file coords.tsv (TSV, N, CA and C atoms)
chain	number	residue	atom	x	y	z
A	43	MET	N	131.64	105.04	81.55
A	43	MET	CA	130.33	104.41	81.46
A	43	MET	C	129.94	103.87	82.82
A	44	SER	N	128.72	104.10	83.20
A	44	SER	CA	128.28	103.66	84.53
A	44	SER	C	127.86	102.20	84.53
A	45	GLN	N	127.95	101.62	85.68
A	45	GLN	CA	127.57	100.22	85.87
A	45	GLN	C	126.08	100.15	86.19
A	46	ASP	N	125.38	99.21	85.56
A	46	ASP	CA	123.96	99.03	85.86
A	46	ASP	C	123.83	98.37	87.23
A	47	GLU	N	122.89	98.86	88.00
A	47	GLU	CA	122.62	98.30	89.32
A	47	GLU	C	121.12	98.05	89.44
A	48	LYS	N	120.76	97.04	90.21
A	48	LYS	CA	119.34	96.75	90.42
A	48	LYS	C	119.16	96.34	91.88
A	49	PHE	N	118.08	96.83	92.46
A	49	PHE	CA	117.74	96.50	93.84
A	49	PHE	C	116.26	96.16	93.87
A	50	GLU	N	115.91	95.05	94.45
A	50	GLU	CA	114.50	94.66	94.58
A	50	GLU	C	114.25	94.16	95.99
A	51	PHE	N	113.07	94.46	96.49
A	51	PHE	CA	112.68	93.99	97.82
A	51	PHE	C	111.17	93.81	97.80
A	52	GLU	N	110.71	92.72	98.38
A	52	GLU	CA	109.27	92.47	98.47
A	52	GLU	C	109.01	91.72	99.77
A	53	SER	N	107.98	92.15	100.50
A	53	SER	CA	107.59	91.46	101.72
A	53	SER	C	106.17	91.86	102.08
A	54	VAL	N	105.62	91.20	103.07
A	54	VAL	CA	104.30	91.55	103.59
A	54	VAL	C	104.54	92.23	104.94
A	55	GLN	N	104.00	93.45	105.09
A	55	GLN	CA	104.21	94.25	106.29
A	55	GLN	C	102.87	94.82	106.76
A	56	ASP	N	102.81	95.24	108.01
A	56	ASP	CA	101.60	95.91	108.48
A	56	ASP	C	101.62	97.38	108.05
A	57	CYS	N	100.49	98.04	108.17
A	57	CYS	CA	100.32	99.41	107.71
A	57	CYS	C	101.31	100.37	108.37
A	58	ARG	N	101.56	100.21	109.65
A	58	ARG	CA	102.47	101.10	110.38
A	58	ARG	C	103.90	101.00	109.84
A	59	THR	N	104.34	99.80	109.52
A	59	THR	CA	105.68	99.61	108.97
A	59	THR	C	105.79	100.26	107.59
A	60	ILE	N	104.76	100.12	106.77
A	60	ILE	CA	104.74	100.76	105.45
A	60	ILE	C	104.85	102.28	105.62
A	61	GLN	N	104.14	102.83	106.61
A	61	GLN	CA	104.22	104.27	106.87
A	61	GLN	C	105.65	104.68	107.20
A	62	LYS	N	106.36	103.87	107.97
A	62	LYS	CA	107.75	104.17	108.32
A	62	LYS	C	108.64	104.16	107.08
A	63	TYR	N	108.43	103.19	106.20
A	63	TYR	CA	109.19	103.15	104.94
A	63	TYR	C	108.92	104.40	104.10
A	64	LEU	N	107.66	104.77	103.98
A	64	LEU	CA	107.31	105.95	103.19
A	64	LEU	C	107.89	107.22	103.81
A	65	GLN	N	107.89	107.31	105.14
A	65	GLN	CA	108.48	108.47	105.82
A	65	GLN	C	109.98	108.53	105.56
A	66	ALA	N	110.64	107.38	105.59
A	66	ALA	CA	112.08	107.34	105.31
A	66	ALA	C	112.36	107.79	103.87
A	67	LEU	N	111.50	107.41	102.93
A	67	LEU	CA	111.65	107.87	101.55
A	67	LEU	C	111.49	109.38	101.46
A	68	LEU	N	110.48	109.91	102.15
A	68	LEU	CA	110.28	111.36	102.16
A	68	LEU	C	111.51	112.09	102.68
A	69	GLU	N	112.06	111.60	103.77
A	69	GLU	CA	113.26	112.22	104.34
A	69	GLU	C	114.44	112.13	103.38
A	70	GLY	N	114.56	111.00	102.69
A	70	GLY	CA	115.63	110.83	101.71
A	70	GLY	C	115.50	111.79	100.54
A	71	PHE	N	114.28	111.98	100.05
A	71	PHE	CA	114.06	112.95	98.97
A	71	PHE	C	114.39	114.35	99.46
A	72	ASP	N	114.02	114.65	100.69
A	72	ASP	CA	114.29	115.97	101.26
A	72	ASP	C	115.79	116.23	101.38
A	73	GLN	N	116.55	115.20	101.74
A	73	GLN	CA	117.99	115.34	101.94
A	73	GLN	C	118.78	115.14	100.64
A	74	GLY	N	118.10	114.65	99.59
A	74	GLY	CA	118.79	114.41	98.32
A	74	GLY	C	119.65	113.16	98.31
A	75	ARG	N	119.32	112.22	99.21
A	75	ARG	CA	120.09	110.97	99.29
A	75	ARG	C	119.19	109.85	99.83
A	76	LEU	N	119.08	108.79	99.05
A	76	LEU	CA	118.32	107.60	99.46
A	76	LEU	C	119.27	106.41	99.50
A	77	VAL	N	119.29	105.72	100.62
A	77	VAL	CA	120.10	104.51	100.74
A	77	VAL	C	119.13	103.36	101.04
A	78	LEU	N	119.07	102.40	100.14
A	78	LEU	CA	118.20	101.25	100.33
A	78	LEU	C	119.08	100.01	100.47
A	79	SER	N	118.80	99.20	101.49
A	79	SER	CA	119.59	97.99	101.70
A	79	SER	C	118.72	96.89	102.27
A	80	ALA	N	119.00	95.68	101.86
A	80	ALA	CA	118.30	94.49	102.36
A	80	ALA	C	119.08	93.27	101.93
A	81	GLU	N	119.19	92.33	102.84
A	81	GLU	CA	119.79	91.03	102.55
A	81	GLU	C	121.13	91.15	101.84
A	82	GLY	N	122.00	92.03	102.34
A	82	GLY	CA	123.35	92.17	101.79
A	82	GLY	C	123.46	92.99	100.52
A	83	SER	N	122.36	93.49	100.02
A	83	SER	CA	122.36	94.31	98.82
A	83	SER	C	122.08	95.76	99.21
A	84	GLU	N	122.76	96.71	98.55
A	84	GLU	CA	122.56	98.12	98.86
A	84	GLU	C	122.69	98.97	97.60
A	85	ILE	N	121.90	100.03	97.55
A	85	ILE	CA	121.99	100.99	96.44
A	85	ILE	C	121.80	102.39	97.03
A	86	VAL	N	122.57	103.34	96.51
A	86	VAL	CA	122.50	104.72	96.95
A	86	VAL	C	122.05	105.58	95.77
A	87	LEU	N	121.02	106.38	95.98
A	87	LEU	CA	120.48	107.26	94.94
A	87	LEU	C	120.54	108.70	95.41
A	88	HIS	N	120.66	109.60	94.45
A	88	HIS	CA	120.71	111.03	94.75
A	88	HIS	C	119.62	111.74	93.94
A	89	PRO	N	118.38	111.77	94.45
A	89	PRO	CA	117.28	112.39	93.71
A	89	PRO	C	117.40	113.92	93.67
A	90	THR	N	117.44	114.47	92.46
A	90	THR	CA	117.50	115.91	92.29
A	90	THR	C	116.79	116.29	90.99
A	91	GLY	N	116.51	117.57	90.85
A	91	GLY	CA	115.94	118.09	89.61
A	91	GLY	C	114.52	117.63	89.36
A	92	TYR	N	114.13	117.71	88.11
A	92	TYR	CA	112.78	117.29	87.73
A	92	TYR	C	112.68	115.77	87.70
A	93	MET	N	111.53	115.26	88.14
A	93	MET	CA	111.33	113.82	88.24
A	93	MET	C	110.01	113.44	87.60
A	94	LYS	N	109.98	112.24	87.07
A	94	LYS	CA	108.73	111.69	86.55
A	94	LYS	C	108.00	111.02	87.71
A	95	PHE	N	106.70	111.31	87.85
A	95	PHE	CA	105.91	110.79	88.96
A	95	PHE	C	104.70	110.07	88.39
A	96	GLU	N	104.52	108.80	88.74
A	96	GLU	CA	103.40	107.99	88.26
A	96	GLU	C	102.67	107.36	89.45
A	97	VAL	N	101.36	107.37	89.38
A	97	VAL	CA	100.54	106.67	90.38
A	97	VAL	C	99.55	105.79	89.62
A	98	THR	N	99.50	104.52	89.98
A	98	THR	CA	98.56	103.58	89.38
A	98	THR	C	97.80	102.90	90.51
A	99	VAL	N	96.48	102.86	90.39
A	99	VAL	CA	95.64	102.20	91.39
A	99	VAL	C	94.75	101.19	90.68
A	100	LYS	N	94.68	99.99	91.25
A	100	LYS	CA	93.79	98.96	90.72
A	100	LYS	C	92.98	98.39	91.87
A	101	LYS	N	91.70	98.22	91.64
A	101	LYS	CA	90.80	97.63	92.64
A	101	LYS	C	89.99	96.56	91.92
A	102	LYS	N	90.11	95.33	92.38
A	102	LYS	CA	89.39	94.21	91.78
A	102	LYS	C	88.83	93.36	92.92
A	103	GLY	N	87.53	93.50	93.17
A	103	GLY	CA	86.93	92.80	94.29
A	103	GLY	C	87.52	93.31	95.59
A	104	GLN	N	88.06	92.40	96.39
A	104	GLN	CA	88.67	92.79	97.65
A	104	GLN	C	90.17	93.07	97.52
A	105	GLU	N	90.71	92.88	96.33
A	105	GLU	CA	92.14	93.10	96.10
A	105	GLU	C	92.39	94.55	95.69
A	106	ASN	N	93.35	95.18	96.32
A	106	ASN	CA	93.71	96.57	96.04
A	106	ASN	C	95.20	96.64	95.77
A	107	LYS	N	95.57	97.53	94.83
A	107	LYS	CA	96.98	97.71	94.52
A	107	LYS	C	97.24	99.18	94.23
A	108	LEU	N	98.23	99.73	94.91
A	108	LEU	CA	98.67	101.11	94.71
A	108	LEU	C	100.14	101.05	94.35
A	109	ALA	N	100.48	101.53	93.16
A	109	ALA	CA	101.88	101.55	92.73
A	109	ALA	C	102.31	103.00	92.53
A	110	ILE	N	103.44	103.35	93.11
A	110	ILE	CA	104.00	104.69	92.97
A	110	ILE	C	105.37	104.54	92.34
A	111	LYS	N	105.60	105.27	91.26
A	111	LYS	CA	106.90	105.25	90.59
A	111	LYS	C	107.44	106.66	90.50
A	112	VAL	N	108.70	106.81	90.83
A	112	VAL	CA	109.39	108.08	90.70
A	112	VAL	C	110.68	107.80	89.94
A	113	GLY	N	110.92	108.57	88.89
A	113	GLY	CA	112.13	108.37	88.10
A	113	GLY	C	112.80	109.69	87.78
A	114	TRP	N	114.12	109.66	87.64
A	114	TRP	CA	114.87	110.87	87.29
A	114	TRP	C	116.20	110.45	86.69
A	115	LYS	N	116.83	111.40	86.04
A	115	LYS	CA	118.16	111.18	85.49
A	115	LYS	C	119.18	111.82	86.43
A	116	ASP	N	120.37	111.26	86.47
A	116	ASP	CA	121.40	111.82	87.34
A	116	ASP	C	121.78	113.23	86.92
A	117	ARG	N	121.64	113.55	85.64
A	117	ARG	CA	121.84	114.94	85.21
A	117	ARG	C	120.48	115.57	85.06
A	118	ASP	N	120.38	116.80	85.41
A	118	ASP	CA	119.10	117.52	85.33
A	118	ASP	C	118.99	118.23	83.98
A	119	ASP	N	118.51	117.49	82.96
A	119	ASP	CA	118.33	118.11	81.65
A	119	ASP	C	116.89	117.98	81.16
A	120	GLN	N	115.98	117.72	82.07
A	120	GLN	CA	114.58	117.58	81.71
A	120	GLN	C	113.82	118.85	82.05
A	121	ALA	N	112.86	119.17	81.22
A	121	ALA	CA	111.99	120.32	81.49
A	121	ALA	C	110.77	119.83	82.26
A	122	ALA	N	110.21	120.72	83.06
A	122	ALA	CA	109.01	120.38	83.82
A	122	ALA	C	107.83	120.21	82.89
A	123	GLU	N	106.99	119.23	83.19
A	123	GLU	CA	105.75	119.03	82.45
A	123	GLU	C	104.60	119.42	83.37
A	124	SER	N	103.59	120.05	82.80
A	124	SER	CA	102.46	120.43	83.63
A	124	SER	C	101.62	119.22	83.96
A	125	GLY	N	100.89	119.32	85.05
A	125	GLY	CA	100.03	118.24	85.49
A	125	GLY	C	100.07	118.17	87.00
A	126	THR	N	98.93	117.96	87.58
A	126	THR	CA	98.87	117.86	89.04
A	126	THR	C	98.01	116.67	89.43
A	127	ILE	N	98.18	116.25	90.66
A	127	ILE	CA	97.36	115.19	91.23
A	127	ILE	C	96.99	115.63	92.64
A	128	SER	N	95.83	115.28	93.08
A	128	SER	CA	95.42	115.55	94.44
A	128	SER	C	95.41	114.24	95.21
A	129	ILE	N	96.11	114.22	96.34
A	129	ILE	CA	96.15	113.03	97.20
A	129	ILE	C	95.70	113.48	98.59
A	130	SER	N	94.65	112.85	99.11
A	130	SER	CA	94.15	113.23	100.43
A	130	SER	C	93.77	111.98	101.21
A	131	SER	N	93.53	112.16	102.48
A	131	SER	CA	93.15	111.02	103.32
A	131	SER	C	91.71	111.14	103.73
call {"tool": "encode", "arguments": {"input": "coords.tsv", "output": "structure tokens"}}
result
Amino acid sequence: MSQDEKFEFESVQDCRTIQKYLQALLEGFDQGRLVLSAEGSEIVLHPTGYMKFEVTVKKKGQENKLAIKVGWKDRDDQAAESGTISISS
């Protein structure tokens, strides 16, 4: 039986720093290994196979929120679901 692990991080950063974090995530997905660490806590993930992808956007006055969630199981026993999203700048 596997041990449950949890990693959380929250801070205020400038746009360029967020871009660097997102680029590091892209590279980790490409390599099949993500290592996240902060304040003495660390978690290692191995993203493979089919993944659930969620994007949520909220805009209320001058407040904006973009949430991206990616989830997968360590074993690849999920079938692909159809659906696409267009993301552009």
call {"tool": "select_by_dssp", "arguments": {"input": "coords.tsv", "residues": "chain A", "states": "alpha helix (DSSP H)", "output": "mmCIF file with N, CA and C atoms, in the coordinates of the input"}}
result
data_model
loop_
_atom_site.group_PDB
_atom_site.id
_atom_site.type_symbol
_atom_site.label_atom_id
_atom_site.label_comp_id
_atom_site.auth_asym_id
_atom_site.auth_seq_id
_atom_site.Cartn_x
_atom_site.Cartn_y
_atom_site.Cartn_z
ATOM 1 N N CYS A 57 100.490 98.040 108.170
ATOM 2 C CA CYS A 57 100.320 99.410 107.710
ATOM 3 C C CYS A 57 101.310 100.370 108.370
ATOM 4 N N ARG A 58 101.560 100.210 109.650
ATOM 5 C CA ARG A 58 102.470 101.100 110.380
ATOM 6 C C ARG A 58 103.900 101.000 109.840
ATOM 7 N N THR A 59 104.340 99.800 109.520
ATOM 8 C CA THR A 59 105.680 99.610 108.970
ATOM 9 C C THR A 59 105.790 100.260 107.590
ATOM 10 N N ILE A 60 104.760 100.120 106.770
ATOM 11 C CA ILE A 60 104.740 100.760 105.450
ATOM 12 C C ILE A 60 104.850 102.280 105.620
ATOM 13 N N GLN A 61 104.140 102.830 106.610
ATOM 14 C CA GLN A 61 104.220 104.270 106.870
ATOM 15 C C GLN A 61 105.650 104.680 107.200
ATOM 16 N N LYS A 62 106.360 103.870 107.970
ATOM 17 C CA LYS A 62 107.750 104.170 108.320
ATOM 18 C C LYS A 62 108.640 104.160 107.080
ATOM 19 N N TYR A 63 108.430 103.190 106.200
ATOM 20 C CA TYR A 63 109.190 103.150 104.940
ATOM 21 C C TYR A 63 108.920 104.400 104.100
ATOM 22 N N LEU A 64 107.660 104.770 103.980
ATOM 23 C CA LEU A 64 107.310 105.950 103.190
ATOM 24 C C LEU A 64 107.890 107.220 103.810
ATOM 25 N N GLN A 65 107.890 107.310 105.140
ATOM 26 C CA GLN A 65 108.480 108.470 105.820
ATOM 27 C C GLN A 65 109.980 108.530 105.560
ATOM 28 N N ALA A 66 110.640 107.380 105.590
ATOM 29 C CA ALA A 66 112.080 107.340 105.310
ATOM 30 C C ALA A 66 112.360 107.790 103.870
ATOM 31 N N LEU A 67 111.500 107.410 102.930
ATOM 32 C CA LEU A 67 111.650 107.870 101.550
ATOM 33 C C LEU A 67 111.490 109.380 101.460
ATOM 34 N N LEU A 68 110.480 109.910 102.150
ATOM 35 C CA LEU A 68 110.280 111.360 102.160
ATOM 36 C C LEU A 68 111.510 112.090 102.680
ATOM 37 N N GLU A 69 112.060 111.600 103.770
ATOM 38 C CA GLU A 69 113.260 112.220 104.340
ATOM 39 C C GLU A 69 114.440 112.130 103.380
ATOM 40 N N GLY A 70 114.560 111.000 102.690
ATOM 41 C CA GLY A 70 115.630 110.830 101.710
ATOM 42 C C GLY A 70 115.500 111.790 100.540
ATOM 43 N N PHE A 71 114.280 111.980 100.050
ATOM 44 C CA PHE A 71 114.060 112.950 98.970
ATOM 45 C C PHE A 71 114.390 114.350 99.460
ATOM 46 N N ASP A 72 114.020 114.650 100.690
ATOM 47 C CA ASP A 72 114.290 115.970 101.260
ATOM 48 C C ASP A 72 115.790 116.230 101.380
ATOM 49 N N GLN A 73 116.550 115.200 101.740
ATOM 50 C CA GLN A 73 117.990 115.340 101.940
ATOM 51 C C GLN A 73 118.780 115.140 100.640
#
call {"tool": "atom_distance", "arguments": {"input": "coords.tsv", "atom1": "CA of Thr90 (chain A)", "atom2": "CA of Lys107 (chain A)"}}
result
27.5 Å
call {"tool": "residues_around", "arguments": {"input": "coords.tsv", "residues": "Val86 (chain A)", "least_positions_apart": "4", "cutoff": "6 Å", "atoms": "only N, CA and C atoms", "output": "PyMOL selection string"}}
result
chain A and resi 76-78
call {"tool": "select_by_dssp", "arguments": {"input": "coords.tsv", "residues": "chain A", "states": "strand (DSSP E)", "output": "number ranges by chain"}}
result
A: 76-80, 83-87, 94-102, 105-113
call {"tool": "atom_distance", "arguments": {"input": "coords.tsv", "atom1": "CA of Thr59 (chain A)", "atom2": "CA of Glu81 (chain A)"}}
result
17.7 Å
call {"tool": "atom_distance", "arguments": {"input": "coords.tsv", "atom1": "CA of Gln45 (chain A)", "atom2": "CA of Ile110 (chain A)"}}
result
25.0 Å
call {"tool": "decode", "arguments": {"input": "coords.tsv", "residues": "region 62-80 of chain A", "atoms": "N, CA, C and O atoms", "output": "PDB file, in the first residue's frame"}}
result
ATOM      1  N   LYS A  62       8.787  30.835 -15.815  1.00  0.00           N
ATOM      2  CA  LYS A  62       9.866  29.880 -15.544  1.00  0.00           C
ATOM      3  C   LYS A  62       9.327  28.619 -14.869  1.00  0.00           C
ATOM      4  O   LYS A  62       9.752  27.507 -15.191  1.00  0.00           O
ATOM      5  N   TYR A  63       8.405  28.785 -13.932  1.00  0.00           N
ATOM      6  CA  TYR A  63       7.779  27.619 -13.283  1.00  0.00           C
ATOM      7  C   TYR A  63       7.022  26.776 -14.310  1.00  0.00           C
ATOM      8  O   TYR A  63       7.135  25.549 -14.317  1.00  0.00           O
ATOM      9  N   LEU A  64       6.256  27.428 -15.164  1.00  0.00           N
ATOM     10  CA  LEU A  64       5.491  26.705 -16.177  1.00  0.00           C
ATOM     11  C   LEU A  64       6.422  25.989 -17.157  1.00  0.00           C
ATOM     12  O   LEU A  64       6.157  24.851 -17.562  1.00  0.00           O
ATOM     13  N   GLN A  65       7.532  26.630 -17.527  1.00  0.00           N
ATOM     14  CA  GLN A  65       8.501  25.994 -18.421  1.00  0.00           C
ATOM     15  C   GLN A  65       9.123  24.770 -17.758  1.00  0.00           C
ATOM     16  O   GLN A  65       9.305  23.733 -18.394  1.00  0.00           O
ATOM     17  N   ALA A  66       9.422  24.875 -16.473  1.00  0.00           N
ATOM     18  CA  ALA A  66       9.983  23.732 -15.746  1.00  0.00           C
ATOM     19  C   ALA A  66       8.975  22.581 -15.702  1.00  0.00           C
ATOM     20  O   ALA A  66       9.351  21.414 -15.841  1.00  0.00           O
ATOM     21  N   LEU A  67       7.691  22.891 -15.549  1.00  0.00           N
ATOM     22  CA  LEU A  67       6.661  21.856 -15.581  1.00  0.00           C
ATOM     23  C   LEU A  67       6.606  21.187 -16.951  1.00  0.00           C
ATOM     24  O   LEU A  67       6.527  19.958 -17.055  1.00  0.00           O
ATOM     25  N   LEU A  68       6.656  21.997 -18.011  1.00  0.00           N
ATOM     26  CA  LEU A  68       6.661  21.443 -19.365  1.00  0.00           C
ATOM     27  C   LEU A  68       7.830  20.484 -19.567  1.00  0.00           C
ATOM     28  O   LEU A  68       7.663  19.385 -20.123  1.00  0.00           O
ATOM     29  N   GLU A  69       9.000  20.883 -19.131  1.00  0.00           N
ATOM     30  CA  GLU A  69      10.183  20.031 -19.270  1.00  0.00           C
ATOM     31  C   GLU A  69      10.026  18.747 -18.460  1.00  0.00           C
ATOM     32  O   GLU A  69      10.409  17.670 -18.911  1.00  0.00           O
ATOM     33  N   GLY A  70       9.439  18.852 -17.277  1.00  0.00           N
ATOM     34  CA  GLY A  70       9.204  17.675 -16.447  1.00  0.00           C
ATOM     35  C   GLY A  70       8.227  16.705 -17.091  1.00  0.00           C
ATOM     36  O   GLY A  70       8.440  15.491 -17.072  1.00  0.00           O
ATOM     37  N   PHE A  71       7.155  17.225 -17.682  1.00  0.00           N
ATOM     38  CA  PHE A  71       6.210  16.364 -18.393  1.00  0.00           C
ATOM     39  C   PHE A  71       6.907  15.696 -19.572  1.00  0.00           C
ATOM     40  O   PHE A  71       6.692  14.517 -19.846  1.00  0.00           O
ATOM     41  N   ASP A  72       7.740  16.441 -20.263  1.00  0.00           N
ATOM     42  CA  ASP A  72       8.459  15.906 -21.417  1.00  0.00           C
ATOM     43  C   ASP A  72       9.404  14.778 -21.006  1.00  0.00           C
ATOM     44  O   ASP A  72       9.537  13.771 -21.707  1.00  0.00           O
ATOM     45  N   GLN A  73      10.050  14.926 -19.854  1.00  0.00           N
ATOM     46  CA  GLN A  73      11.014  13.936 -19.382  1.00  0.00           C
ATOM     47  C   GLN A  73      10.360  12.806 -18.587  1.00  0.00           C
ATOM     48  O   GLN A  73      11.013  11.821 -18.254  1.00  0.00           O
ATOM     49  N   GLY A  74       9.073  12.985 -18.226  1.00  0.00           N
ATOM     50  CA  GLY A  74       8.386  11.964 -17.438  1.00  0.00           C
ATOM     51  C   GLY A  74       8.759  11.963 -15.969  1.00  0.00           C
ATOM     52  O   GLY A  74       8.573  10.982 -15.258  1.00  0.00           O
ATOM     53  N   ARG A  75       9.261  13.107 -15.488  1.00  0.00           N
ATOM     54  CA  ARG A  75       9.656  13.214 -14.081  1.00  0.00           C
ATOM     55  C   ARG A  75       9.529  14.665 -13.618  1.00  0.00           C
ATOM     56  O   ARG A  75      10.141  15.563 -14.193  1.00  0.00           O
ATOM     57  N   LEU A  76       8.743  14.858 -12.568  1.00  0.00           N
ATOM     58  CA  LEU A  76       8.577  16.182 -11.959  1.00  0.00           C
ATOM     59  C   LEU A  76       9.047  16.107 -10.512  1.00  0.00           C
ATOM     60  O   LEU A  76       8.614  15.241  -9.757  1.00  0.00           O
ATOM     61  N   VAL A  77       9.944  17.003 -10.139  1.00  0.00           N
ATOM     62  CA  VAL A  77      10.397  17.082  -8.757  1.00  0.00           C
ATOM     63  C   VAL A  77      10.034  18.477  -8.251  1.00  0.00           C
ATOM     64  O   VAL A  77      10.504  19.479  -8.785  1.00  0.00           O
ATOM     65  N   LEU A  78       9.177  18.523  -7.246  1.00  0.00           N
ATOM     66  CA  LEU A  78       8.771  19.800  -6.663  1.00  0.00           C
ATOM     67  C   LEU A  78       9.284  19.848  -5.229  1.00  0.00           C
ATOM     68  O   LEU A  78       9.102  18.890  -4.464  1.00  0.00           O
ATOM     69  N   SER A  79       9.927  20.958  -4.869  1.00  0.00           N
ATOM     70  CA  SER A  79      10.448  21.094  -3.513  1.00  0.00           C
ATOM     71  C   SER A  79      10.359  22.541  -3.065  1.00  0.00           C
ATOM     72  O   SER A  79      10.530  23.463  -3.858  1.00  0.00           O
ATOM     73  N   ALA A  80      10.084  22.712  -1.791  1.00  0.00           N
ATOM     74  CA  ALA A  80      10.027  24.042  -1.172  1.00  0.00           C
ATOM     75  C   ALA A  80      10.012  23.866   0.332  1.00  0.00           C
ATOM     76  O   ALA A  80       9.355  22.964   0.858  1.00  0.00           O
TER      77      ALA A  80
END
